[in-house]
$ cat query-v9.txt   # compact mmCIF, C-alpha atoms
# COMPACT_ATOMS: atom_id res chain seq x y z
CA MET A 6 98.55 63.91 75.94
CA ASN A 7 99.83 60.34 76.24
CA ILE A 8 102.17 60.79 73.29
CA ALA A 9 103.64 63.95 74.84
CA LEU A 10 104.18 62.17 78.15
CA LEU A 11 105.80 59.18 76.47
CA SER A 12 108.04 61.40 74.35
CA ALA A 13 109.23 63.09 77.55
CA VAL A 14 109.82 59.64 79.08
CA LEU A 15 112.00 58.57 76.15
CA LEU A 16 113.96 61.83 76.14
CA LEU A 17 114.63 61.60 79.88
CA ALA A 18 115.61 57.93 79.55
CA VAL A 19 118.14 58.82 76.87
CA GLY A 20 119.32 61.68 79.08
CA SER A 21 119.89 59.40 82.06
CA LEU A 22 122.16 57.21 79.91
CA VAL A 23 123.96 60.06 78.17
CA ILE A 24 124.57 62.59 80.96
CA LYS A 25 128.08 62.15 82.33
CA LYS A 26 127.59 63.41 85.89
CA SER A 27 125.87 60.98 88.24
CA VAL A 28 123.47 63.28 90.12
CA PRO A 29 121.91 64.96 87.04
CA ALA A 30 121.63 61.50 85.45
CA ILE A 31 119.71 60.21 88.49
CA ILE A 32 117.49 63.30 88.52
CA SER A 33 116.71 62.70 84.86
CA PHE A 34 115.87 59.08 85.68
CA ILE A 35 113.64 60.15 88.60
CA LEU A 36 111.76 62.57 86.34
CA MET A 37 111.31 59.76 83.84
CA MET A 38 109.74 57.55 86.51
CA PHE A 39 107.52 60.40 87.69
CA ILE A 40 106.21 61.07 84.18
CA LEU A 41 105.60 57.33 83.74
CA GLY A 42 103.44 57.53 86.88
CA LEU A 43 101.49 60.41 85.34
CA TYR A 44 101.04 58.32 82.20
CA TYR A 45 99.58 55.45 84.24
CA ILE A 46 97.20 57.86 85.97
CA ASN A 47 96.20 59.15 82.54
CA LEU A 48 95.48 55.55 81.52
CA ASP A 49 92.96 55.26 84.40
CA ALA A 50 95.32 53.01 86.34
CA LYS A 51 95.34 55.48 89.22
CA MET A 52 96.57 53.12 91.91
CA LEU A 53 99.44 51.91 89.71
CA GLY A 54 100.40 55.50 88.94
CA LEU A 55 100.32 56.51 92.59
CA PHE A 56 102.35 53.43 93.50
CA GLN A 57 104.87 54.36 90.83
CA ILE A 58 105.15 57.96 92.00
CA PHE A 59 105.12 57.55 95.77
CA ILE A 60 106.82 54.22 96.36
CA TYR A 61 109.02 53.70 93.34
CA THR A 62 110.02 57.28 92.55
CA GLY A 63 109.56 58.87 95.93
CA GLY A 64 111.00 56.09 98.02
CA ILE A 65 113.53 54.05 96.15
CA MET A 66 114.86 56.51 93.61
CA VAL A 67 115.26 59.33 96.12
CA LEU A 68 117.05 56.84 98.38
CA MET A 69 119.31 56.08 95.44
CA LEU A 70 119.93 59.79 94.89
CA PHE A 71 120.74 60.21 98.57
CA GLY A 72 123.17 57.28 98.50
CA ILE A 73 124.93 58.49 95.38
CA THR A 74 125.17 62.00 96.77
CA ILE A 75 126.93 60.62 99.86
CA ILE A 76 129.24 58.34 97.87
CA GLY A 77 129.81 61.11 95.33
CA VAL A 78 130.85 59.12 92.29
CA GLU A 79 131.47 60.16 88.73
CA PHE A 80 130.89 57.84 85.81
CA PRO A 81 133.99 56.31 84.28
CA LYS A 82 134.60 57.27 80.66
CA ALA A 83 132.99 54.79 78.31
CA LYS A 84 133.67 54.33 74.63
CA ALA A 85 130.81 54.59 72.15
CA LYS A 86 129.75 51.20 70.85
CA PRO A 87 128.13 51.49 67.42
CA PHE A 88 127.72 47.71 67.14
CA ASN A 89 125.57 47.57 70.28
CA ALA A 90 123.51 50.53 69.05
CA THR A 91 122.94 48.81 65.71
CA VAL A 92 121.89 45.58 67.42
CA ALA A 93 119.51 47.50 69.72
CA PHE A 94 118.01 49.33 66.73
CA LEU A 95 117.53 46.05 64.86
CA LEU A 96 115.88 44.60 67.97
CA PHE A 97 113.48 47.54 68.09
CA VAL A 98 112.64 47.20 64.41
CA SER A 99 112.05 43.45 64.66
CA ILE A 100 109.89 43.68 67.82
CA SER A 101 107.86 46.50 66.28
CA ALA A 102 107.44 44.62 63.01
CA LEU A 103 106.25 41.50 64.84
CA PHE A 104 103.85 43.56 66.93
CA LEU A 105 102.42 45.50 63.97
CA ARG A 106 102.03 42.25 62.04
CA GLY A 107 99.90 40.71 64.78
CA ILE A 108 97.98 43.81 65.83
CA ASP A 109 94.83 42.63 64.00
CA THR A 110 94.50 39.78 66.49
CA LEU A 111 94.73 42.27 69.32
CA THR A 112 92.11 44.47 67.70
CA ILE A 113 89.72 41.52 67.70
CA ALA A 114 90.42 41.10 71.41
CA LEU A 115 89.70 44.79 71.88
CA LYS A 116 86.13 44.23 70.71
CA GLN A 117 85.69 41.48 73.30
CA PRO A 118 87.21 42.74 76.58
CA VAL A 119 88.41 40.03 78.92
CA GLU A 120 86.99 40.13 82.44
CA ASP A 121 88.41 37.35 84.51
CA VAL A 122 86.17 36.98 87.54
CA ASN A 123 88.21 34.12 88.97
CA LEU A 124 91.40 36.10 88.88
CA PHE A 125 93.00 34.70 92.01
CA SER A 126 91.36 31.30 92.11
CA GLY A 127 92.84 29.71 89.01
CA GLU A 128 96.31 29.46 87.60
CA PHE A 129 97.16 32.98 88.71
CA SER A 130 98.57 31.61 91.97
CA ASP A 131 101.42 30.10 89.90
CA PHE A 132 102.52 33.59 88.97
CA VAL A 133 102.43 34.63 92.61
CA ILE A 134 104.62 31.66 93.57
CA ILE A 135 107.09 32.39 90.75
CA PHE A 136 107.36 36.04 91.68
CA THR A 137 107.77 35.19 95.35
CA LEU A 138 110.60 32.81 94.45
CA ILE A 139 112.30 35.46 92.32
CA ALA A 140 111.93 38.10 95.02
CA SER A 141 113.28 35.81 97.73
CA SER A 142 116.23 34.82 95.50
CA LEU A 143 116.96 38.49 94.97
CA LEU A 144 116.93 39.14 98.70
CA TYR A 145 119.13 36.10 99.34
CA ALA A 146 121.59 37.29 96.67
CA THR A 147 121.78 40.70 98.32
CA VAL A 148 122.48 39.25 101.76
CA LYS A 149 125.03 36.83 100.31
CA MET A 150 126.72 39.60 98.35
CA SER A 151 127.05 41.85 101.37
CA SER A 152 128.40 39.01 103.54
CA THR A 153 130.91 38.09 100.79
CA LEU A 154 132.07 41.68 100.59
CA LYS A 155 132.43 41.86 104.37
CA ALA A 156 134.41 38.60 104.43
CA LYS A 157 136.65 39.93 101.69
CA LYS A 158 137.33 43.09 103.67
CA THR A 159 138.21 41.11 106.82
CA ARG A 160 140.51 38.81 104.82
CA ILE A 161 142.35 41.77 103.32
CA LYS A 162 142.79 43.32 106.78
CA ASN A 163 144.23 40.06 108.14
CA VAL A 164 146.70 39.83 105.25
CA MET B 29 96.90 55.17 69.63
CA PHE B 30 97.44 51.77 71.24
CA ALA B 31 100.04 50.82 68.64
CA ILE B 32 101.94 54.08 69.06
CA GLU B 33 102.06 53.72 72.83
CA MET B 34 103.27 50.15 72.51
CA LEU B 35 105.97 51.32 70.11
CA PHE B 36 107.11 53.79 72.79
CA ALA B 37 107.30 50.90 75.26
CA PHE B 38 109.37 48.89 72.76
CA ALA B 39 111.67 51.89 72.31
CA LEU B 40 112.18 52.12 76.09
CA PHE B 41 112.87 48.39 76.23
CA THR B 42 115.41 48.67 73.42
CA LEU B 43 117.08 51.59 75.17
CA GLY B 44 117.38 49.42 78.28
CA VAL B 45 118.90 46.57 76.27
CA TYR B 46 121.40 48.98 74.72
CA GLY B 47 122.27 50.40 78.14
CA VAL B 48 122.83 46.98 79.70
CA SER B 49 124.96 45.77 76.80
CA SER B 50 127.10 48.87 76.41
CA SER B 51 127.51 50.31 79.92
CA ARG B 52 130.58 49.61 82.01
CA ASP B 53 129.53 50.97 85.39
CA PHE B 54 127.11 49.78 88.05
CA LEU B 55 124.85 52.80 88.00
CA ARG B 56 124.12 52.87 84.27
CA ILE B 57 123.53 49.12 84.21
CA PHE B 58 121.12 49.62 87.10
CA PHE B 59 119.31 52.41 85.22
CA SER B 60 119.05 50.21 82.15
CA LEU B 61 117.63 47.30 84.13
CA GLU B 62 115.03 49.63 85.62
CA MET B 63 114.19 50.82 82.11
CA LEU B 64 113.65 47.23 80.98
CA LEU B 65 111.29 46.57 83.90
CA ASN B 66 109.49 49.87 83.39
CA ALA B 67 108.99 49.10 79.71
CA VAL B 68 107.36 45.80 80.70
CA ILE B 69 105.12 47.56 83.25
CA MET B 70 104.19 50.10 80.58
CA MET B 71 103.24 47.36 78.12
CA LEU B 72 101.11 45.64 80.78
CA ALA B 73 99.33 48.88 81.73
CA THR B 74 98.73 49.86 78.11
CA THR B 75 97.29 46.48 77.17
CA ALA B 76 95.16 46.52 80.32
CA HIS B 77 93.70 49.87 79.36
CA TYR B 78 93.16 49.38 75.64
CA LEU B 79 92.36 45.65 75.50
CA GLY B 80 90.51 45.33 78.80
CA MET B 81 92.92 42.74 80.20
CA THR B 82 92.50 43.70 83.84
CA GLN B 83 94.71 40.90 85.14
CA ASN B 84 97.66 42.68 83.53
CA ILE B 85 97.39 45.44 86.14
CA VAL B 86 97.97 42.86 88.89
CA LEU B 87 100.98 41.54 87.00
CA ALA B 88 102.20 45.13 86.64
CA TYR B 89 102.01 45.55 90.43
CA MET B 90 104.06 42.42 90.91
CA VAL B 91 106.70 43.49 88.40
CA MET B 92 106.83 46.88 90.11
CA ILE B 93 107.39 45.26 93.51
CA LEU B 94 110.17 43.19 91.97
CA ALA B 95 111.70 46.31 90.45
CA THR B 96 111.54 48.07 93.81
CA LEU B 97 113.32 45.16 95.48
CA GLU B 98 115.88 45.11 92.70
CA ALA B 99 116.48 48.85 93.16
CA ALA B 100 117.11 48.41 96.88
CA ALA B 101 119.38 45.42 96.28
CA GLY B 102 121.22 47.27 93.50
CA LEU B 103 121.82 50.28 95.72
CA LEU B 104 123.22 48.07 98.48
CA ILE B 105 125.53 46.18 96.14
CA PHE B 106 126.68 49.39 94.46
CA ALA B 107 127.38 51.10 97.78
CA ALA B 108 129.19 48.06 99.18
CA ALA B 109 131.31 47.62 96.05
CA ASN B 110 132.18 51.29 96.04
CA LYS B 111 133.05 51.40 99.73
CA ILE B 112 134.95 48.14 100.05
CA ALA B 113 136.52 47.47 96.69
CA LYS B 114 136.58 51.07 95.39
CA VAL B 115 135.32 50.03 91.98
CA LEU B 116 132.60 51.46 89.77
CA SER B 117 132.65 48.82 87.10
CA PRO B 118 131.58 45.19 87.46
CA ASP B 119 134.45 44.23 85.13
CA GLU B 120 136.99 45.40 87.70
CA PHE B 121 135.20 43.67 90.55
CA LYS B 122 137.10 40.40 90.64
CA GLY B 123 140.57 40.68 92.18
CA GLU B 124 141.72 41.53 95.67
CA GLU B 125 144.24 44.01 94.35
CA HIS B 126 141.45 46.56 93.91
CA ALA B 127 140.59 46.60 97.60
$ encode --input "query-v9.txt" --output "structure tokens"
Amino acid sequence: MNIALLSAVLLLAVGSLVIKKSVPAIISFILMMFILGLYYINLDAKMLGLFQIFIYTGGIMVLMLFGITIIGVEFPKAKAKPFNATVAFLLFVSISALFLRGIDTLTIALKQPVEDVNLFSGEFSDFVIIFTLIASSLLYATVKMSSTLKAKKTRIKNV
Amino acid sequence: MFAIEMLFAFALFTLGVYGVSSSRDFLRIFFSLEMLLNAVIMMLATTAHYLGMTQNIVLAYMVMILATLEAAAGLLIFAAANKIAKVLSPDEFKGEEHA
């Protein structure tokens, strides 16, 4: 079941990069996210799966689809880049080889499941701080970008 | 089973890397970035399920929130660039002659 879901995810991901028209590409991407949500539910991470489906897919991606439908853009023609494909393939092979080489260590961990009872009391707060910083930087960049674009538009009008 | 699912996650990650490095328009770069983040979430969820690392689920939530923010920010930047500068590619987004 999981393998079938993940195969569909990969096919739809390739489709979203290959399809030339923007709306079918976004629909393919949305389906990919939806199937990923089903995969999480199948992994017993029900809340994560529901979050993925309702908030990520249902909220953000459909908003994206709505925006693109209004703007109505087509993708510019792009040349195929065999060098980038080769590098990406080599990356996949090397990551997989490293993972398969060290999988024995993970199998040992599988026999002794980790249950961290002090999940939020220890060093985990560092992660929260880092993620908060990244998220706030992202928001700041968005606001700055939009104000720069507005300033640019005003400057062009004045000229 | 765990290894195969992780290999799928690596494949999705590689696809995202390829998309980011080879695409020349905002939307495909945005898709590829989302793929990268989704591959990371997938790895975290898979390891949480098969290895019992429950803290990875919390990390997955945080990455997902970050990805959601990034999607909203990406949409705004894409729409603004398209409306104001009439460009679809970040490479063209530098001179005033495009506005």
$ closest_residue --input "query-v9.txt" --among "B:Phe106, B:Met90, B:Phe30, B:Glu98" --to "Glu62 in chain B" --atoms "all atoms listed in the file"
B:Glu98
$ residues_near_point --input "query-v9.txt" --point "(116.6, 62.6, 92.7)" --cutoff "12 Å" --atoms "all atoms listed in the file" --output "list of chain:residue names"
A:Ser21, A:Ser27, A:Val28, A:Pro29, A:Ala30, A:Ile31, A:Ile32, A:Ser33, A:Phe34, A:Ile35, A:Leu36, A:Met37, A:Met38, A:Phe39, A:Tyr61, A:Thr62, A:Gly63, A:Gly64, A:Ile65, A:Met66, A:Val67, A:Leu68, A:Met69, A:Leu70, A:Phe71, A:Gly72, A:Ile73, A:Thr74
$ residues_near_point --input "query-v9.txt" --point "(101.3, 42.2, 67.2)" --cutoff "12 Å" --atoms "only C-alpha atoms" --output "JSON, numbers by chain"
{"A": [99, 100, 101, 102, 103, 104, 105, 106, 107, 108, 109, 110, 111, 112, 113, 114], "B": [30, 31, 34, 35, 38, 75]}
$ closest_residue --input "query-v9.txt" --among "B:Ile57, B:Val91, B:Val45, B:Leu103" --to "Ile139 in chain A" --atoms "all atoms listed in the file"
B:Val91
$ interface_residues --input "query-v9.txt" --of "chain B" --to "chain A" --cutoff "6 Å" --atoms "all atoms listed in the file" --output "ChimeraX atom specification"
/B:42,46,79-81,101
$ atom_distance --input "query-v9.txt" --atom1 "CA of Leu72 in chain B" --atom2 "CA of Ile135 in chain A"
17.6 Å
$ residues_around --input "query-v9.txt" --residues "Met71 in chain B" --least-positions-apart "6" --cutoff "10 Å" --atoms "all atoms listed in the file" --output "list of chain:residue names"
B:Glu33, B:Met34, B:Leu35, B:Phe36, B:Ala37, B:Phe38, B:Phe41, B:Leu65, B:His77, B:Asn84, B:Ala88
$ closest_residue --input "query-v9.txt" --among "B:Thr74, B:Thr96, B:Phe54, B:Val68" --to "Ala108 in chain B" --atoms "only C-alpha atoms"
B:Phe54
$ atom_distance --input "query-v9.txt" --atom1 "CA of Phe59 in chain B" --atom2 "CA of Ala100 in chain B"
12.5 Å
$ atom_distance --input "query-v9.txt" --atom1 "CA of Ala73 in chain B" --atom2 "CA of Leu87 in chain B"
9.2 Å
$ closest_residue --input "query-v9.txt" --among "A:Phe59, A:Asn47, A:Ser142, A:Leu17" --to "Leu94 in chain B" --atoms "all atoms listed in the file"
A:Ser142
